[in-house]
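Structure file work26.cif with mmCIF, C-alpha atoms and all ligand atoms:
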data_entry
loop_
_atom_site.group_PDB
_atom_site.id
_atom_site.type_symbol
_atom_site.label_atom_id
_atom_site.label_comp_id
_atom_site.auth_asym_id
_atom_site.auth_seq_id
_atom_site.Cartn_x
_atom_site.Cartn_y
_atom_site.Cartn_z
ATOM 1 C CA MET L 1 13.865 -8.044 22.227
ATOM 2 C CA VAL L 2 13.619 -6.974 18.615
ATOM 3 C CA PHE L 3 16.260 -7.547 15.991
ATOM 4 C CA TRP L 4 16.615 -5.152 13.142
ATOM 5 C CA LYS L 5 16.662 -6.980 9.858
ATOM 6 C CA LYS L 6 17.905 -5.371 6.664
ATOM 7 C CA LEU L 7 20.449 -3.173 8.401
ATOM 8 C CA PHE L 8 22.142 -2.138 5.183
ATOM 9 C CA SER L 9 19.153 -2.229 2.883
ATOM 10 C CA ASN L 10 16.403 0.296 2.256
ATOM 11 C CA SER L 11 16.207 2.269 5.489
ATOM 12 C CA ASP L 12 12.557 3.124 4.816
ATOM 13 C CA THR L 13 11.713 -0.544 5.310
ATOM 14 C CA ALA L 14 13.812 -0.931 8.449
ATOM 15 C CA ILE L 15 10.909 -0.549 10.868
ATOM 16 C CA THR L 16 8.482 -2.760 9.011
ATOM 17 C CA SER L 17 11.130 -5.452 8.742
ATOM 18 C CA GLU L 18 11.575 -5.734 12.495
ATOM 19 C CA THR L 19 10.254 -8.902 14.024
ATOM 20 C CA THR L 20 9.472 -9.121 17.706
ATOM 21 C CA GLY L 21 11.287 -11.889 19.520
ATOM 22 C CA VAL L 22 12.798 -13.344 16.376
ATOM 23 C CA SER L 23 16.476 -13.232 15.579
ATOM 24 C CA GLY L 24 17.034 -11.166 12.458
ATOM 25 C CA GLU L 25 19.797 -10.926 9.907
ATOM 26 C CA ILE L 26 23.351 -10.486 11.027
ATOM 27 C CA LEU L 27 25.056 -7.085 11.082
ATOM 28 C CA ASN L 28 27.129 -7.891 8.009
ATOM 29 C CA PRO L 29 24.628 -9.239 5.495
ATOM 30 C CA ASN L 30 27.431 -10.690 3.357
ATOM 31 C CA SER L 31 28.404 -13.118 6.072
ATOM 32 C CA GLN L 32 26.218 -16.021 7.112
ATOM 33 C CA SER L 33 28.059 -16.809 10.373
ATOM 34 C CA ILE L 34 25.756 -16.695 13.399
ATOM 35 C CA ALA L 35 28.784 -15.633 15.461
ATOM 36 C CA GLN L 36 28.634 -12.216 13.814
ATOM 37 C CA PRO L 37 27.248 -9.414 15.986
ATOM 38 C CA GLN L 38 23.632 -8.450 15.559
ATOM 39 C CA ILE L 39 21.876 -5.196 16.366
ATOM 40 C CA SER L 40 18.714 -5.383 18.426
ATOM 41 C CA PHE L 41 16.228 -2.968 19.960
ATOM 42 C CA SER L 42 14.402 -3.314 23.239
ATOM 43 C CA THR L 43 11.822 -1.428 25.259
ATOM 44 C CA GLU L 44 12.833 -3.042 28.547
ATOM 45 C CA ARG L 45 13.259 -0.625 31.449
ATOM 46 C CA ASP L 46 15.443 -2.776 33.620
ATOM 47 C CA LEU L 47 18.674 -1.294 32.300
ATOM 48 C CA ASP L 48 22.009 -1.243 34.048
ATOM 49 C CA ILE L 49 22.208 2.473 34.857
ATOM 50 C CA TYR L 50 26.000 2.322 35.051
ATOM 51 C CA GLU L 51 26.181 0.877 31.528
ATOM 52 C CA LEU L 52 23.946 3.740 30.399
ATOM 53 C CA GLU L 53 26.173 6.246 32.177
ATOM 54 C CA GLU L 54 29.204 4.799 30.372
ATOM 55 C CA LEU L 55 27.405 5.203 27.045
ATOM 56 C CA CYS L 56 26.595 8.830 27.878
ATOM 57 C CA ASP L 57 30.206 9.380 28.983
ATOM 58 C CA ARG L 58 31.379 8.192 25.578
ATOM 59 C CA VAL L 59 29.560 11.077 23.846
ATOM 60 C CA GLY L 60 30.809 13.555 26.444
ATOM 61 C CA TRP L 61 27.553 14.214 28.265
ATOM 62 C CA ALA L 62 27.807 15.602 31.780
ATOM 63 C CA ARG L 63 27.117 13.037 34.499
ATOM 64 C CA ARG L 64 23.731 13.229 36.199
ATOM 65 C CA PRO L 65 22.789 11.853 39.617
ATOM 66 C CA VAL L 66 22.107 8.122 39.162
ATOM 67 C CA ARG L 67 19.082 8.291 41.461
ATOM 68 C CA LYS L 68 17.472 10.927 39.231
ATOM 69 C CA VAL L 69 18.354 9.071 36.018
ATOM 70 C CA LYS L 70 16.661 5.939 37.430
ATOM 71 C CA LYS L 71 13.613 8.011 38.388
ATOM 72 C CA ALA L 72 13.462 9.600 34.929
ATOM 73 C CA ILE L 73 13.585 6.164 33.283
ATOM 74 C CA ASN L 74 10.965 4.729 35.617
ATOM 75 C CA HIS L 75 8.626 7.625 34.873
ATOM 76 C CA SER L 76 9.196 7.635 31.118
ATOM 77 C CA PHE L 77 6.419 6.485 28.836
ATOM 78 C CA LEU L 78 8.784 4.634 26.534
ATOM 79 C CA VAL L 79 12.397 3.578 26.928
ATOM 80 C CA VAL L 80 14.271 2.333 23.879
ATOM 81 C CA SER L 81 17.683 0.728 24.007
ATOM 82 C CA MET L 82 19.852 -0.559 21.177
ATOM 83 C CA TRP L 83 22.227 -3.459 21.670
ATOM 84 C CA GLU L 84 25.094 -5.144 19.907
ATOM 85 C CA VAL L 85 24.467 -8.836 20.499
ATOM 86 C CA GLN L 86 27.103 -11.483 19.948
ATOM 87 C CA GLY L 87 26.275 -14.963 21.150
ATOM 88 C CA LYS L 88 25.116 -14.631 24.748
ATOM 89 C CA LYS L 89 26.825 -11.272 25.232
ATOM 90 C CA ARG L 90 25.219 -7.932 24.582
ATOM 91 C CA ARG L 91 26.449 -4.375 24.815
ATOM 92 C CA LEU L 92 24.401 -1.187 25.110
ATOM 93 C CA ILE L 93 25.129 0.970 22.050
ATOM 94 C CA GLY L 94 22.127 3.281 21.914
ATOM 95 C CA PHE L 95 19.416 4.779 24.066
ATOM 96 C CA ALA L 96 16.430 7.120 23.872
ATOM 97 C CA ARG L 97 13.364 7.672 26.008
ATOM 98 C CA ALA L 98 10.061 9.521 25.717
ATOM 99 C CA THR L 99 7.731 11.117 28.205
ATOM 100 C CA SER L 100 4.048 11.406 27.362
ATOM 101 C CA ASP L 101 0.528 12.350 28.424
ATOM 102 C CA HIS L 102 -0.416 8.852 27.136
ATOM 103 C CA ALA L 103 -2.978 10.342 24.765
ATOM 104 C CA PHE L 104 -1.797 13.050 22.390
ATOM 105 C CA ASN L 105 1.786 14.075 23.038
ATOM 106 C CA ALA L 106 5.190 12.563 23.566
ATOM 107 C CA THR L 107 8.575 14.217 23.926
ATOM 108 C CA ILE L 108 11.781 12.370 23.146
ATOM 109 C CA TRP L 109 14.845 12.788 25.381
ATOM 110 C CA ASP L 110 18.405 11.521 25.771
ATOM 111 C CA VAL L 111 18.984 10.230 22.237
ATOM 112 C CA VAL L 112 22.448 8.734 22.073
ATOM 113 C CA VAL L 113 24.423 6.294 19.907
ATOM 114 C CA ASP L 114 27.856 4.942 20.873
ATOM 115 C CA PRO L 115 30.474 6.876 18.824
ATOM 116 C CA ASN L 116 31.878 3.565 17.529
ATOM 117 C CA PHE L 117 28.482 2.854 15.959
ATOM 118 C CA GLN L 118 27.600 6.323 14.687
ATOM 119 C CA GLY L 119 27.302 7.138 10.997
ATOM 120 C CA ARG L 120 25.880 3.708 10.068
ATOM 121 C CA GLY L 121 22.196 4.589 10.095
ATOM 122 C CA LEU L 122 21.652 3.123 13.558
ATOM 123 C CA GLY L 123 20.548 6.394 15.188
ATOM 124 C CA LYS L 124 17.995 6.777 12.412
ATOM 125 C CA ALA L 125 16.827 3.168 12.867
ATOM 126 C CA MET L 126 16.523 3.621 16.631
ATOM 127 C CA MET L 127 14.500 6.811 16.172
ATOM 128 C CA LYS L 128 12.243 5.130 13.608
ATOM 129 C CA TYR L 129 11.715 2.309 16.079
ATOM 130 C CA MET L 130 10.854 4.833 18.792
ATOM 131 C CA ILE L 131 8.418 6.663 16.496
ATOM 132 C CA SER L 132 6.756 3.399 15.436
ATOM 133 C CA GLN L 133 6.318 2.439 19.094
ATOM 134 C CA LEU L 134 4.763 5.836 19.891
ATOM 135 C CA ARG L 135 2.506 5.648 16.840
ATOM 136 C CA SER L 136 1.379 2.180 17.921
ATOM 137 C CA GLU L 137 0.144 3.871 21.118
ATOM 138 C CA ASP L 138 -1.761 6.375 18.936
ATOM 139 C CA ILE L 139 0.485 9.272 19.947
ATOM 140 C CA SER L 140 0.293 11.803 17.126
ATOM 141 C CA ASN L 141 2.328 14.775 18.363
ATOM 142 C CA ILE L 142 5.977 13.864 18.876
ATOM 143 C CA THR L 143 8.364 16.621 19.932
ATOM 144 C CA LEU L 144 11.988 16.911 20.999
ATOM 145 C CA PHE L 145 14.656 19.485 21.774
ATOM 146 C CA ALA L 146 17.563 19.219 19.342
ATOM 147 C CA ASP L 147 21.071 20.338 20.107
ATOM 148 C CA PRO L 148 22.088 22.737 17.293
ATOM 149 C CA GLN L 149 24.582 20.282 15.774
ATOM 150 C CA VAL L 150 21.979 17.524 15.320
ATOM 151 C CA VAL L 151 19.070 19.493 13.844
ATOM 152 C CA THR L 152 19.728 17.965 10.413
ATOM 153 C CA PHE L 153 19.715 14.447 11.902
ATOM 154 C CA TYR L 154 16.164 15.005 13.181
ATOM 155 C CA GLN L 155 15.027 16.854 10.040
ATOM 156 C CA ARG L 156 16.018 13.782 7.979
ATOM 157 C CA LEU L 157 13.579 11.833 10.165
ATOM 158 C CA GLY L 158 10.764 14.246 9.361
ATOM 159 C CA PHE L 159 10.955 16.544 12.387
ATOM 160 C CA ILE L 160 10.110 20.150 11.558
ATOM 161 C CA LEU L 161 11.931 23.103 13.046
ATOM 162 C CA ASP L 162 9.573 25.746 14.526
ATOM 163 C CA PRO L 163 6.403 24.548 12.725
ATOM 164 C CA GLU L 164 4.157 27.541 11.998
ATOM 165 C CA GLY L 165 6.678 29.690 13.882
ATOM 166 C CA ILE L 166 6.130 27.876 17.198
ATOM 167 C CA LYS L 167 9.120 28.373 19.499
ATOM 168 C CA GLY L 168 10.266 26.052 22.258
ATOM 169 C CA MET L 169 10.522 28.047 25.493
ATOM 170 C CA PHE L 170 12.355 27.212 28.688
ATOM 171 C CA TRP L 171 12.154 28.431 32.248
ATOM 172 C CA TYR L 172 15.166 27.987 34.521
ATOM 173 C CA PRO L 173 15.447 28.779 38.233
ATOM 174 C CA ASP L 174 17.544 31.888 38.992
HETATM 175 C C1 LIG Q 201 22.899 12.291 16.879
HETATM 176 C C2 LIG Q 201 23.173 10.803 16.864
HETATM 177 C C3 LIG Q 201 22.160 10.080 17.752
HETATM 178 C C4 LIG Q 201 23.057 10.303 15.414
HETATM 179 O O1 LIG Q 201 23.262 8.894 15.411
HETATM 180 P P1 LIG Q 201 23.939 8.172 14.156
HETATM 181 O O2 LIG Q 201 23.779 6.722 14.346
HETATM 182 O O3 LIG Q 201 25.322 8.674 13.961
HETATM 183 O O4 LIG Q 201 23.052 8.715 12.976
HETATM 184 P P2 LIG Q 201 22.736 7.962 11.590
HETATM 185 O O5 LIG Q 201 23.987 7.294 11.101
HETATM 186 O O6 LIG Q 201 21.550 7.103 11.782
HETATM 187 O O7 LIG Q 201 22.377 9.173 10.644
HETATM 188 C C5 LIG Q 201 21.103 9.324 10.050
HETATM 189 C C6 LIG Q 201 21.141 10.536 9.160
HETATM 190 O O8 LIG Q 201 21.380 11.715 9.933
HETATM 191 C C7 LIG Q 201 22.589 12.347 9.499
HETATM 192 N N1 LIG Q 201 23.305 12.778 10.695
HETATM 193 C C8 LIG Q 201 23.775 12.000 11.690
HETATM 194 N N2 LIG Q 201 24.364 12.755 12.630
HETATM 195 C C9 LIG Q 201 24.259 14.019 12.203
HETATM 196 C C10 LIG Q 201 24.690 15.253 12.732
HETATM 197 N N3 LIG Q 201 25.340 15.359 13.882
HETATM 198 N N4 LIG Q 201 24.395 16.365 12.028
HETATM 199 C C11 LIG Q 201 23.732 16.274 10.868
HETATM 200 N N5 LIG Q 201 23.306 15.139 10.301
HETATM 201 C C12 LIG Q 201 23.580 14.031 10.968
HETATM 202 C C13 LIG Q 201 23.368 11.293 8.739
HETATM 203 O O9 LIG Q 201 24.205 11.868 7.774
HETATM 204 C C14 LIG Q 201 22.264 10.477 8.119
HETATM 205 O O10 LIG Q 201 21.782 11.118 6.968
HETATM 206 P P3 LIG Q 201 21.109 10.265 5.755
HETATM 207 O O11 LIG Q 201 19.808 9.732 6.281
HETATM 208 O O12 LIG Q 201 20.945 11.269 4.677
HETATM 209 O O13 LIG Q 201 22.098 9.190 5.436
HETATM 210 C C15 LIG Q 201 24.617 10.481 17.332
HETATM 211 O O14 LIG Q 201 25.502 11.218 16.537
HETATM 212 C C16 LIG Q 201 24.875 10.810 18.792
HETATM 213 O O15 LIG Q 201 24.630 9.992 19.671
HETATM 214 N N6 LIG Q 201 25.430 12.010 19.056
HETATM 215 C C17 LIG Q 201 25.823 12.386 20.422
HETATM 216 C C18 LIG Q 201 24.631 12.608 21.315
HETATM 217 C C19 LIG Q 201 23.683 13.667 20.778
HETATM 218 O O16 LIG Q 201 24.107 14.718 20.311
HETATM 219 N N7 LIG Q 201 22.385 13.355 20.836
HETATM 220 C C20 LIG Q 201 21.337 14.238 20.400
HETATM 221 C C21 LIG Q 201 20.947 15.175 21.505
HETATM 222 S S1 LIG Q 201 19.606 16.263 20.989
#
Full structure transcribed into C-alpha cells:
Amino acid sequence: MVFWKKLFSNSDTAITSETTGVSGEILNPNSQSIAQPQISFSTERDLDIYELEELCDRVGWARRPVRKVKKAINHSFLVVSMWEVQGKKRRLIGFARATSDHAFNATIWDVVVDPNFQGRGLGKAMMKYMISQLRSEDISNITLFADPQVVTFYQRLGFILDPEGIKGMFWYPD
C-alpha cells in the first residue's frame, strides 16, 4: 500500500512524494492527529468486487456482470485503487485499470472517483500514480477513451486529443 504525502501541496510533486509501504501525511495537513483519515493507493488485485460495484453505482455507471468485471480485472496489466484509510478501516474511493501489450502500449479504463471525494485533486493524483506505474514498466504509449465531459480532466494530465489527427475507432456487433 502506498500513501500519498503532500495531498494539498504542489500536485506536480505528488507522485515523487509517495513512499511505498510507509504511512504518509494525514489528509488534513493542518491536523497532527493520527486518527484523521489518510488517502492511499494500491495496485492489489484482490478487490471486493461488490465494493467496486458500489463505487461505480455512485457515479451512475450501468452495472456489468460481476463475473466479467472479475475477469477484466484479472486480465488487466495494472489495477490501481484509492482508499480512504482511518485506523484499521479503509474504504474504496477510487479505481482505474490498464490493459497492455507489456512492451509498448497501455490503455486505461474505468477511471472513477467517489463523488464525495471529487474536486480535491484525487483523480489527478490517482492518474499520476497510474502513469508512474506504467512508466516504471517502460510503457511509453498510454491511451484512453474519454467521455466527452471529462476530456479537460485528461488534457490537464497531458493527454492529447486526436494527436496528428489520429481518430479512435470502434466496431460494435450489429
Ligand atoms: C473524472 C473524475 C475521475 C475526476 O476526478 P476528480 O478527483 O474529481 O478530479 P480532480 O479533482 O483530480 O481534478 C483534476 C483536474 O481536472 C479538472 N476536472 C475534474 N473533473 C473534470 C471534468 N469533469 N471536466 C473537466 N475538468 C475536470 C479539475 O478542475 C482539475 O483541474 P486543475 O488541475 O486545473 O485543478 C471524476 O469526476 C469521476 O469519477 N467522474 C465520474 C466517472 C467518469 O466520468 N470517469 C471517466 C470516464 S472516461
Counting all atoms listed in the file, which residues in chain L sit no more than 8 Å from ligand LIG 201 (chain Q)? For each one, give the nearest pair of atoms and the distance in Å, sorted by chain then residue number, as a Markdown table.
| residue | atom | partner | partner_atom | distance |
| --- | --- | --- | --- | --- |
| L:Cys56 | CA | Q:LIG201 | C18 | 7.8 |
| L:Val59 | CA | Q:LIG201 | C17 | 5.2 |
| L:Gly60 | CA | Q:LIG201 | C17 | 7.9 |
| L:Trp61 | CA | Q:LIG201 | C18 | 7.7 |
| L:Gly94 | CA | Q:LIG201 | O15 | 7.5 |
| L:Trp109 | CA | Q:LIG201 | S1 | 7.4 |
| L:Asp110 | CA | Q:LIG201 | C21 | 6.2 |
| L:Val111 | CA | Q:LIG201 | N7 | 4.8 |
| L:Val112 | CA | Q:LIG201 | O15 | 3.5 |
| L:Val113 | CA | Q:LIG201 | O15 | 3.7 |
| L:Asp114 | CA | Q:LIG201 | O15 | 6.1 |
| L:Pro115 | CA | Q:LIG201 | O15 | 6.7 |
| L:Phe117 | CA | Q:LIG201 | O2 | 6.3 |
| L:Gln118 | CA | Q:LIG201 | O3 | 3.4 |
| L:Gly119 | CA | Q:LIG201 | O5 | 3.3 |
| L:Arg120 | CA | Q:LIG201 | O5 | 4.2 |
| L:Gly121 | CA | Q:LIG201 | O6 | 3.1 |
| L:Leu122 | CA | Q:LIG201 | O2 | 4.3 |
| L:Gly123 | CA | Q:LIG201 | O2 | 3.4 |
| L:Lys124 | CA | Q:LIG201 | O6 | 3.6 |
| L:Ala125 | CA | Q:LIG201 | O6 | 6.2 |
| L:Met126 | CA | Q:LIG201 | O6 | 7.8 |
| L:Leu144 | CA | Q:LIG201 | S1 | 7.6 |
| L:Phe145 | CA | Q:LIG201 | S1 | 6.0 |
| L:Ala146 | CA | Q:LIG201 | S1 | 4.0 |
| L:Asp147 | CA | Q:LIG201 | S1 | 4.4 |
| L:Pro148 | CA | Q:LIG201 | S1 | 7.9 |
| L:Gln149 | CA | Q:LIG201 | N3 | 5.3 |
| L:Val150 | CA | Q:LIG201 | N4 | 4.2 |
| L:Val151 | CA | Q:LIG201 | C11 | 6.4 |
| L:Thr152 | CA | Q:LIG201 | C11 | 4.4 |
| L:Phe153 | CA | Q:LIG201 | O8 | 3.8 |
| L:Tyr154 | CA | Q:LIG201 | O8 | 7.0 |
| L:Arg156 | CA | Q:LIG201 | O11 | 5.8 |
| L:Leu157 | CA | Q:LIG201 | O11 | 7.6 |
Give, as AutoDock Vina command-line options, the centre coordinates and the x, y and z edge lengths in Å to one decimal for an axis-aligned box around all listed atoms of segment 148-164 of chain L, padded by 8 Å on each side.
--center_x 14.4 --center_y 19.7 --center_z 12.6 --size_x 36.4 --size_y 31.7 --size_z 25.3
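The closest residue to Arg64 of chain L, picked from L:Asp174, L:Ser140, L:Tyr50, L:Ala103 and counting only C-alpha atoms, is L:Tyr50.
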Practice problem: Find the residues near Ser81 of chain L: any atom within 12 Å, counting only C-alpha atoms, skip ones fewer than 2 places away on the same chain, and give them as a PyMOL selection string. | Solution: chain L and resi 1-3+39-49+51-52+55+73+78-79+83-84+90-98+110-114+122-123+125-127+129-130
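Across the model, the gap from atom CA of Thr143 of chain L to atom CA of Phe104 of chain L is 11.0 Å.
Taking atom CA of Thr99 of chain L and atom CA of Gln38 of chain L as endpoints, the distance between them is 28.2 Å.
Atom CA of Ser100 of chain L is found 7.4 Å from atom CA of Ser76 of chain L.
Closest approach to Asp101 of chain L among L:His75, L:Arg63, L:Lys167, L:Lys68 is made by L:His75 (distances from only C-alpha atoms).
Closest approach to Val69 of chain L among L:Ile131, L:Glu53, L:Asn116, L:Met82 is made by L:Glu53 (distances from all atoms listed in the file).
Of the residues under consideration (L:Asn141, L:Arg67, L:Arg58, L:Gly158), L:Gly158 shows the shortest atom-to-atom contact distance to Lys128 of chain L when counting only C-alpha atoms.
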Quiz prompt | Test item: residues at most 9 Å from His102 of chain L, only C-alpha atoms, excluding those fewer than 6 positions along its chain, as a ChimeraX atom specification | solution = /L:77,137-139
